[in-house]
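A.B. asks: The structure's right below; bear with me while I get my questions together.
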Amino acid sequence: MDKSDIVNRNFRILYFTGTGNTDWVVKKIREGLEAKGASCMTLPADRLLADCGMGFGMKPDPELLKARLGDFLSDDAVLVLGFPTYEGTVPRPFRELFPLLPEGNGRKLACISTILLAGGDAVHIAEKTLAQRGYRSFLTTYVVMPGNIRLPHFAFFQIHNGKDLDRFYESAGKAVAEIVDELLYQKAHFEGRTIADYLIGASNRWGEYILPDLWGKQMFADAKCIKRALCASSCPMGNISLAKGYPEFGTNCCTCLRCYNFCPENAIQITEHTRDEEKYNRYKGFDGWKPPHLRHVEIGRREHEPARP
Ligand SMILES: Cc1cc2nc3c(=O)[nH]c(=O)nc-3n(C[C@H](O)[C@H](O)[C@H](O)COP(=O)(O)O)c2cc1C
Ligand code: SF4
Ligand code: SF4
């Protein structure tokens with residue numbers, strides 16, 4: 001196929017990333033599309049949510065979100081959704097954006113999800129939901145990326161960092177190259193639609209009910225915390241506050257594990273067990289990815305501490 005066979009030349013990628021894997025895939029897809037002369041804009045959901053008011057104890061303004069999404073999709077570009085599969089489905093903060101998207105009116109759609117092992121029907125859930133809003137999907141696919149979970153009850157998952165990531169650059173790079181072609185030439189390809197996919201997804205979805213309690217409510221920062229607020233400024237849910245002078249975790253965690261993995265001091269614990277850093281090593285990101293600063297955070301002072309100079 002040559003350039004004259006290209007069907008789609010204009011793309012908008014709306015995506016969510018917890019620990020950077022999806023961000024990398026989206027960046028590479030954009031580079032691949034642009035290298036072949038297509039136009040592509042990207043919108044990270046964490047930035048969008050923060051800009052629209054998501055913060056500690058605060059929800060984003062739905063009208064503002066709608067307006068921003070409407071601006072993003074103001075022409076007839078193909079909408080590409082990128083997200084990690086969480087517990088066999090689309091991460092909650094990302095799928096909550098779906099009803100706020102403008103009506104599809106036949107707009108083309110592609111759903112791409114990064115996974116560790118098995119996404120089940122997560123990409124199909126995304127395409128199905130948007131089909132009801134008038135979007136027409138031609139691509140649903142997964143990209144296998146490194147895992148970001150090593151926690152009590154989940155210590156069978158391995159964390160890869162540094163040189164151990166090399167094999168993923170090759171395999172994910174190949175997957176991205178195929179996706180770029182599928183997007184440009186509109187090659188129909190649907191993963192996540194079989195009964196087996198549904199069964200895998202359904203058997204994982206219990207996690208959505210359990211993990212916020214199992215992980216989210218068990219988070220605390222230990223004495224290693226240097227109170228520079230990276231966690232609070234970069235939490236996609238605005239679920240961490242330093243108003244009391246130390247990290248305080250709210251009840252709106254989407255269990256992305258960004259704070260846990262990327263705290264520079266490994267000070268965030270999920271139960272006492274994770275103080276054992278050798279056993280519970282943290283994922284430090286793909287290709288040097290670092291959490292973005294999404295919001296300014298006021299750091300309070302503890303009663304017994306002297307005032308900061
Ligand atoms: C809460 C949570 C649930 C996950 N559930 C699944 C899953 O059901 N299937 C899977 O293959 N990977 C699962 N993963 C792994 C991630 O999808 C995978 O590592 C992904 O690439 C992370 O992308 P990100 O860095 O953009 O957040 C899960 C990760 C987290 C944090
Ligand atoms: S990122 Fe880590 S060290 Fe920094 S404030 Fe948060 S818990 Fe403390
Ligand atoms: S508190 Fe941590 S794990 Fe929960 S949403 Fe925020 S960054 Fe993610």
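Chains: A, B, ... in order of the structure tokens. Residues: from 1 per chain. Ligands: from 1, in order shown.
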At a cut-off of 7 Å, can you tabulate as CSV every residue of chain A near ligand 2 together with its closest atom pair and the distance in Å to one decimal, using only C-alpha atoms and all ligand atoms and ordering rows by chain then number?

C.D. replies:
residue,atom,partner,partner_atom_place_in_ligand_line,distance
A:Ala221,CA,ligand 2,7 (S),5.0
A:Lys224,CA,ligand 2,3 (S),6.6
A:Cys225,CA,ligand 2,8 (Fe),3.6
A:Ile226,CA,ligand 2,3 (S),4.4
A:Lys227,CA,ligand 2,5 (S),3.7
A:Arg228,CA,ligand 2,5 (S),4.6
A:Ala229,CA,ligand 2,5 (S),3.7
A:Leu230,CA,ligand 2,1 (S),4.3
A:Cys231,CA,ligand 2,1 (S),4.1
A:Ala232,CA,ligand 2,6 (Fe),6.3
A:Tyr246,CA,ligand 2,5 (S),7.0
A:Pro247,CA,ligand 2,7 (S),6.1
A:Cys259,CA,ligand 2,1 (S),6.5
A:Cys263,CA,ligand 2,1 (S),4.0
A:Pro264,CA,ligand 2,2 (Fe),5.8
A:Glu265,CA,ligand 2,3 (S),5.2
A:Asn266,CA,ligand 2,2 (Fe),6.3
A:Ala267,CA,ligand 2,7 (S),5.1
A:Ile268,CA,ligand 2,7 (S),5.2

A.B. asks: What residues have any atom no more than 7 Å from ligand 3 when counting only C-alpha atoms and all ligand atoms, and can you list them as an MDAnalysis selection string?

C.D. replies: chainID A and resid 18 216 231 234:240 249 252:260

A.B. asks: Write a file of the just-selected residues containing C-alpha atoms, as an mmCIF file, in the first residue's frame.

C.D. replies:
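Written file, part_31.cif:
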data_model
loop_
_atom_site.group_PDB
_atom_site.id
_atom_site.type_symbol
_atom_site.label_atom_id
_atom_site.label_comp_id
_atom_site.auth_asym_id
_atom_site.auth_seq_id
_atom_site.Cartn_x
_atom_site.Cartn_y
_atom_site.Cartn_z
ATOM 1 C CA GLY A 18 -1.860 5.910 35.033
ATOM 2 C CA GLY A 216 -7.133 2.926 47.849
ATOM 3 C CA CYS A 231 1.987 12.675 44.490
ATOM 4 C CA SER A 234 0.118 14.515 39.774
ATOM 5 C CA CYS A 235 -2.746 12.329 41.057
ATOM 6 C CA PRO A 236 -5.203 12.130 38.144
ATOM 7 C CA MET A 237 -8.126 12.074 40.580
ATOM 8 C CA GLY A 238 -6.877 14.923 42.777
ATOM 9 C CA ASN A 239 -7.186 12.379 45.578
ATOM 10 C CA ILE A 240 -4.163 13.487 47.624
ATOM 11 C CA PHE A 249 -5.608 10.257 50.806
ATOM 12 C CA ASN A 252 -11.778 8.929 45.096
ATOM 13 C CA CYS A 253 -8.827 6.702 44.156
ATOM 14 C CA CYS A 254 -9.017 5.000 40.747
ATOM 15 C CA THR A 255 -6.129 2.688 41.796
ATOM 16 C CA CYS A 256 -3.872 3.804 38.943
ATOM 17 C CA LEU A 257 -0.856 3.325 41.284
ATOM 18 C CA ARG A 258 0.851 6.466 39.938
ATOM 19 C CA CYS A 259 1.557 7.816 43.418
ATOM 20 C CA TYR A 260 2.660 4.461 44.797
#

A.B. asks: Pick from A:Glu127, A:Asp287, A:Asp61, A:Asp276: nearest to ligand 1, with only C-alpha atoms and all ligand atoms counted?

C.D. replies: A:Asp287

A.B. asks: Taking only C-alpha atoms and all ligand atoms into account, report as a JSON list (two decimals) with C-alpha atoms, in the first residue's frame which residues have an atom no farther than 8 Å from an atom of ligand 1.

C.D. replies:
[["chain", "number", "residue", "atom", "x", "y", "z"],
["A", 16, "PHE", "CA", -5.83, 8.14, 29.93],
["A", 17, "THR", "CA", -2.61, 6.88, 31.44],
["A", 18, "GLY", "CA", -1.86, 5.91, 35.03],
["A", 19, "THR", "CA", 1.83, 5.07, 34.94],
["A", 20, "GLY", "CA", 2.87, 6.21, 31.46],
["A", 21, "ASN", "CA", 2.59, 3.07, 29.31],
["A", 22, "THR", "CA", -0.43, 4.35, 27.40],
["A", 23, "ASP", "CA", 1.20, 7.76, 27.11],
["A", 24, "TRP", "CA", 4.17, 6.12, 25.36],
["A", 83, "PHE", "CA", -6.45, 3.65, 27.91],
["A", 84, "PRO", "CA", -4.97, 0.93, 30.10],
["A", 85, "THR", "CA", -7.31, -1.93, 30.87],
["A", 86, "TYR", "CA", -8.11, -1.94, 34.58],
["A", 87, "GLU", "CA", -9.84, -5.01, 35.99],
["A", 88, "GLY", "CA", -11.14, -6.09, 32.58],
["A", 89, "THR", "CA", -12.72, -2.73, 31.80],
["A", 113, "SER", "CA", -5.80, -0.39, 25.25],
["A", 114, "THR", "CA", -2.50, -1.24, 26.92],
["A", 115, "ILE", "CA", -2.48, -4.39, 28.99],
["A", 116, "LEU", "CA", -0.19, -6.55, 31.04],
["A", 117, "LEU", "CA", -1.69, -9.94, 30.23],
["A", 118, "ALA", "CA", -5.28, -10.05, 29.06],
["A", 119, "GLY", "CA", -7.71, -7.23, 28.37],
["A", 120, "GLY", "CA", -10.76, -9.44, 27.87],
["A", 143, "VAL", "CA", -0.80, -3.51, 23.16],
["A", 144, "VAL", "CA", 1.07, -5.60, 25.74],
["A", 145, "MET", "CA", 3.15, -3.39, 28.04],
["A", 146, "PRO", "CA", 5.03, -3.84, 31.33],
["A", 147, "GLY", "CA", 3.07, -4.42, 34.52],
["A", 148, "ASN", "CA", 2.74, -1.79, 37.23],
["A", 149, "ILE", "CA", 1.35, -3.93, 40.06],
["A", 201, "GLY", "CA", -13.26, -9.49, 31.25],
["A", 204, "ASN", "CA", -11.66, -9.57, 36.24],
["A", 205, "ARG", "CA", -14.33, -6.97, 36.83],
["A", 207, "GLY", "CA", -11.62, -5.92, 40.99],
["A", 208, "GLU", "CA", -13.46, -2.65, 40.41],
["A", 211, "LEU", "CA", -9.47, -2.62, 44.77],
["A", 254, "CYS", "CA", -9.02, 5.00, 40.75],
["A", 255, "THR", "CA", -6.13, 2.69, 41.80],
["A", 256, "CYS", "CA", -3.87, 3.80, 38.94],
["A", 257, "LEU", "CA", -0.86, 3.32, 41.28],
["A", 258, "ARG", "CA", 0.85, 6.47, 39.94],
["A", 285, "GLY", "CA", 8.02, 3.82, 34.08]]

A.B. asks: Just how far from atom CA of A:Gln269 is atom CA of A:Trp215, in Å to one decimal?

C.D. replies: 9.4 Å

A.B. asks: Quick one: residues within 8 Å of stretch 123-126 of chain A, only C-alpha atoms counted, chain neighbours fewer than 5 positions away excluded, as a PyMOL selection string?

C.D. replies: chain A and resi 89-90+95+111-113+140-142+191-193

A.B. asks: Filtering to N, CA and C atoms, could you give me those residues as a PDB file, in the first residue's frame?

C.D. replies:
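Result file follows (part.pdb):
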ATOM      1  N   THR A  89     -11.828  -3.764  32.336  1.00  0.00           N
ATOM      2  CA  THR A  89     -12.717  -2.729  31.796  1.00  0.00           C
ATOM      3  C   THR A  89     -11.962  -1.413  31.584  1.00  0.00           C
ATOM      4  N   VAL A  90     -12.716  -0.382  31.204  1.00  0.00           N
ATOM      5  CA  VAL A  90     -12.135   0.942  30.952  1.00  0.00           C
ATOM      6  C   VAL A  90     -12.002   1.653  32.295  1.00  0.00           C
ATOM      7  N   ARG A  95     -13.963   6.364  31.405  1.00  0.00           N
ATOM      8  CA  ARG A  95     -15.283   6.050  30.830  1.00  0.00           C
ATOM      9  C   ARG A  95     -16.339   7.060  31.278  1.00  0.00           C
ATOM     10  N   CYS A 111     -10.390   2.048  19.274  1.00  0.00           N
ATOM     11  CA  CYS A 111     -10.163   1.908  20.721  1.00  0.00           C
ATOM     12  C   CYS A 111      -8.916   1.065  20.936  1.00  0.00           C
ATOM     13  N   ILE A 112      -7.932   1.634  21.641  1.00  0.00           N
ATOM     14  CA  ILE A 112      -6.646   0.959  21.822  1.00  0.00           C
ATOM     15  C   ILE A 112      -6.347   0.908  23.321  1.00  0.00           C
ATOM     16  N   SER A 113      -6.060  -0.284  23.808  1.00  0.00           N
ATOM     17  CA  SER A 113      -5.801  -0.390  25.246  1.00  0.00           C
ATOM     18  C   SER A 113      -4.471  -1.068  25.517  1.00  0.00           C
ATOM     19  N   THR A 140     -10.422  -2.202  17.262  1.00  0.00           N
ATOM     20  CA  THR A 140     -10.327  -2.366  18.722  1.00  0.00           C
ATOM     21  C   THR A 140      -9.137  -3.299  18.955  1.00  0.00           C
ATOM     22  N   THR A 141      -8.148  -2.834  19.691  1.00  0.00           N
ATOM     23  CA  THR A 141      -6.941  -3.656  19.804  1.00  0.00           C
ATOM     24  C   THR A 141      -6.189  -3.390  21.113  1.00  0.00           C
ATOM     25  N   TYR A 142      -5.304  -4.329  21.443  1.00  0.00           N
ATOM     26  CA  TYR A 142      -4.500  -4.242  22.670  1.00  0.00           C
ATOM     27  C   TYR A 142      -3.013  -4.152  22.348  1.00  0.00           C
ATOM     28  N   GLU A 191     -10.410  -6.813  18.259  1.00  0.00           N
ATOM     29  CA  GLU A 191     -10.113  -7.711  19.381  1.00  0.00           C
ATOM     30  C   GLU A 191     -11.159  -7.442  20.458  1.00  0.00           C
ATOM     31  N   GLY A 192     -11.283  -8.406  21.384  1.00  0.00           N
ATOM     32  CA  GLY A 192     -12.165  -8.201  22.544  1.00  0.00           C
ATOM     33  C   GLY A 192     -13.621  -8.539  22.297  1.00  0.00           C
ATOM     34  N   ARG A 193     -13.936  -9.182  21.160  1.00  0.00           N
ATOM     35  CA  ARG A 193     -15.353  -9.402  20.844  1.00  0.00           C
ATOM     36  C   ARG A 193     -15.818 -10.842  21.039  1.00  0.00           C
TER      37      ARG A 193
END

A.B. asks: Quick one: everything within 9 Å of A:Tyr185, counting only C-alpha atoms, minus sequence neighbours fewer than 6 positions away in the same chain. Send it as a PDB file with N, CA and C atoms, in the first residue's frame.

C.D. replies:
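Final output, saved to around10.pdb:
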ATOM      1  N   MET A   1       0.844  -1.210   0.000  1.00  0.00           N
ATOM      2  CA  MET A   1       0.000   0.000   0.000  1.00  0.00           C
ATOM      3  C   MET A   1       0.875   1.255   0.000  1.00  0.00           C
ATOM      4  N   ASP A   5      -3.290   5.216  -1.029  1.00  0.00           N
ATOM      5  CA  ASP A   5      -4.333   4.333  -0.474  1.00  0.00           C
ATOM      6  C   ASP A   5      -4.797   4.784   0.921  1.00  0.00           C
ATOM      7  N   ILE A   6      -4.180   5.822   1.437  1.00  0.00           N
ATOM      8  CA  ILE A   6      -4.557   6.262   2.788  1.00  0.00           C
ATOM      9  C   ILE A   6      -6.009   6.730   2.801  1.00  0.00           C
ATOM     10  N   VAL A   7      -6.771   6.227   3.810  1.00  0.00           N
ATOM     11  CA  VAL A   7      -8.199   6.561   3.905  1.00  0.00           C
ATOM     12  C   VAL A   7      -8.418   7.693   4.913  1.00  0.00           C
ATOM     13  N   ASN A   8      -7.702   7.611   6.055  1.00  0.00           N
ATOM     14  CA  ASN A   8      -7.906   8.592   7.138  1.00  0.00           C
ATOM     15  C   ASN A   8      -6.649   9.438   7.322  1.00  0.00           C
TER      16      ASN A   8
END

A.B. asks: Neighbours of stretch 175-177 of chain A within 10 Å (only C-alpha atoms; same-chain residues fewer than 4 positions away dropped), as a PyMOL selection string?

C.D. replies: chain A and resi 25-30+32-33+141-144+169-171+181-182

A.B. asks: Take the residues just selected and output them with N, CA and C atoms as an mmCIF file, in the first residue's frame.

C.D. replies:
data_model
loop_
_atom_site.group_PDB
_atom_site.id
_atom_site.type_symbol
_atom_site.label_atom_id
_atom_site.label_comp_id
_atom_site.auth_asym_id
_atom_site.auth_seq_id
_atom_site.Cartn_x
_atom_site.Cartn_y
_atom_site.Cartn_z
ATOM 1 N N VAL A 25 2.576 4.722 24.179
ATOM 2 C CA VAL A 25 1.938 4.149 22.982
ATOM 3 C C VAL A 25 1.285 5.265 22.155
ATOM 4 N N VAL A 26 0.600 6.166 22.839
ATOM 5 C CA VAL A 26 -0.068 7.273 22.128
ATOM 6 C C VAL A 26 0.964 8.167 21.433
ATOM 7 N N LYS A 27 2.049 8.449 22.152
ATOM 8 C CA LYS A 27 3.095 9.300 21.551
ATOM 9 C C LYS A 27 3.654 8.643 20.278
ATOM 10 N N LYS A 28 3.897 7.341 20.357
ATOM 11 C CA LYS A 28 4.461 6.631 19.191
ATOM 12 C C LYS A 28 3.447 6.553 18.040
ATOM 13 N N ILE A 29 2.171 6.366 18.383
ATOM 14 C CA ILE A 29 1.157 6.343 17.318
ATOM 15 C C ILE A 29 1.123 7.709 16.639
ATOM 16 N N ARG A 30 1.133 8.745 17.426
ATOM 17 C CA ARG A 30 1.093 10.097 16.845
ATOM 18 C C ARG A 30 2.304 10.326 15.934
ATOM 19 N N GLY A 32 4.025 8.090 14.374
ATOM 20 C CA GLY A 32 3.867 7.248 13.180
ATOM 21 C C GLY A 32 2.885 7.865 12.198
ATOM 22 N N LEU A 33 1.788 8.396 12.717
ATOM 23 C CA LEU A 33 0.780 9.007 11.837
ATOM 24 C C LEU A 33 1.359 10.252 11.165
ATOM 25 N N THR A 141 -8.148 -2.834 19.691
ATOM 26 C CA THR A 141 -6.941 -3.656 19.804
ATOM 27 C C THR A 141 -6.189 -3.390 21.113
ATOM 28 N N TYR A 142 -5.304 -4.329 21.443
ATOM 29 C CA TYR A 142 -4.500 -4.242 22.670
ATOM 30 C C TYR A 142 -3.013 -4.152 22.348
ATOM 31 N N VAL A 143 -2.267 -3.508 23.242
ATOM 32 C CA VAL A 143 -0.800 -3.507 23.160
ATOM 33 C C VAL A 143 -0.280 -4.012 24.508
ATOM 34 N N VAL A 144 0.523 -5.059 24.482
ATOM 35 C CA VAL A 144 1.069 -5.602 25.738
ATOM 36 C C VAL A 144 2.227 -4.712 26.203
ATOM 37 N N TYR A 169 10.161 -2.713 24.274
ATOM 38 C CA TYR A 169 10.327 -1.675 23.249
ATOM 39 C C TYR A 169 10.135 -2.299 21.872
ATOM 40 N N GLU A 170 10.673 -3.513 21.730
ATOM 41 C CA GLU A 170 10.581 -4.153 20.419
ATOM 42 C C GLU A 170 9.140 -4.597 20.124
ATOM 43 N N SER A 171 8.535 -5.317 21.081
ATOM 44 C CA SER A 171 7.190 -5.855 20.801
ATOM 45 C C SER A 171 6.153 -4.734 20.716
ATOM 46 N N ASP A 181 -0.760 1.677 10.649
ATOM 47 C CA ASP A 181 -1.266 1.270 9.324
ATOM 48 C C ASP A 181 -2.777 1.038 9.360
ATOM 49 N N GLU A 182 -3.224 0.378 10.417
ATOM 50 C CA GLU A 182 -4.668 0.101 10.518
ATOM 51 C C GLU A 182 -5.471 1.398 10.578
#

A.B. asks: In terms of the shortest atom-to-atom distance over only C-alpha atoms, which of A:Ala122, A:Gly162, A:Val78, A:Thr129 is closest to A:Asp197?

C.D. replies: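 Nearest to A:Asp197: A:Ala122.
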
A.B. asks: Just asking: which residues within stretch 2-68 of chain A are strand (DSSP E or B) according to DSSP, as number ranges by chain?

C.D. replies: A: 10-15, 39-44, 55, 58

A.B. asks: Taking N, CA and C atoms for each residue, export the selection above as a compact mmCIF listing (two decimals), in the first residue's frame.

C.D. replies:
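The resulting file, out-v5.txt, is shown below:
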# COMPACT_ATOMS: atom_id res chain seq x y z
N ASN A 10 -6.80 12.46 9.47
CA ASN A 10 -7.00 13.42 10.54
C ASN A 10 -7.47 12.66 11.80
N PHE A 11 -6.71 12.80 12.88
CA PHE A 11 -6.99 11.99 14.08
C PHE A 11 -7.00 12.86 15.34
N ARG A 12 -7.84 12.47 16.29
CA ARG A 12 -7.83 13.06 17.63
C ARG A 12 -7.70 11.90 18.62
N ILE A 13 -6.63 11.92 19.41
CA ILE A 13 -6.47 10.82 20.39
C ILE A 13 -6.76 11.36 21.79
N LEU A 14 -7.82 10.84 22.38
CA LEU A 14 -8.17 11.15 23.77
C LEU A 14 -7.70 9.95 24.59
N TYR A 15 -6.90 10.20 25.63
CA TYR A 15 -6.36 9.02 26.32
C TYR A 15 -6.18 9.25 27.80
N SER A 39 -2.57 14.24 10.17
CA SER A 39 -2.58 15.23 11.25
C SER A 39 -3.17 14.57 12.50
N CYS A 40 -2.59 14.85 13.65
CA CYS A 40 -3.02 14.16 14.87
C CYS A 40 -2.88 15.08 16.07
N MET A 41 -3.96 15.20 16.85
CA MET A 41 -3.88 15.95 18.11
C MET A 41 -4.18 14.99 19.26
N THR A 42 -3.52 15.23 20.40
CA THR A 42 -3.75 14.34 21.55
C THR A 42 -4.26 15.15 22.74
N LEU A 43 -5.09 14.51 23.56
CA LEU A 43 -5.61 15.16 24.76
C LEU A 43 -5.55 14.15 25.92
N PRO A 44 -4.64 14.39 26.88
CA PRO A 44 -4.58 13.47 28.03
C PRO A 44 -5.70 13.76 29.03
N GLY A 55 -10.08 18.00 41.86
CA GLY A 55 -9.11 18.24 42.94
C GLY A 55 -9.58 17.55 44.20
N MET A 58 -13.08 17.67 45.19
CA MET A 58 -13.77 18.45 44.15
C MET A 58 -13.90 17.65 42.86

A.B. asks: Per DSSP on the backbone, filter stretch 103-301 of chain A down to the residues in alpha helix (DSSP H) and report them as a PyMOL selection string.

C.D. replies: chain A and resi 122-131+166-185+195-204+207-214+230-234+258-262

A.B. asks: Which is closest to A:Gly57 among A:Ala172, A:Gly245, A:Lys128, A:Gly250, if we use only C-alpha atoms?

C.D. replies: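 For A:Gly57, the nearest of the candidates is A:Gly250.
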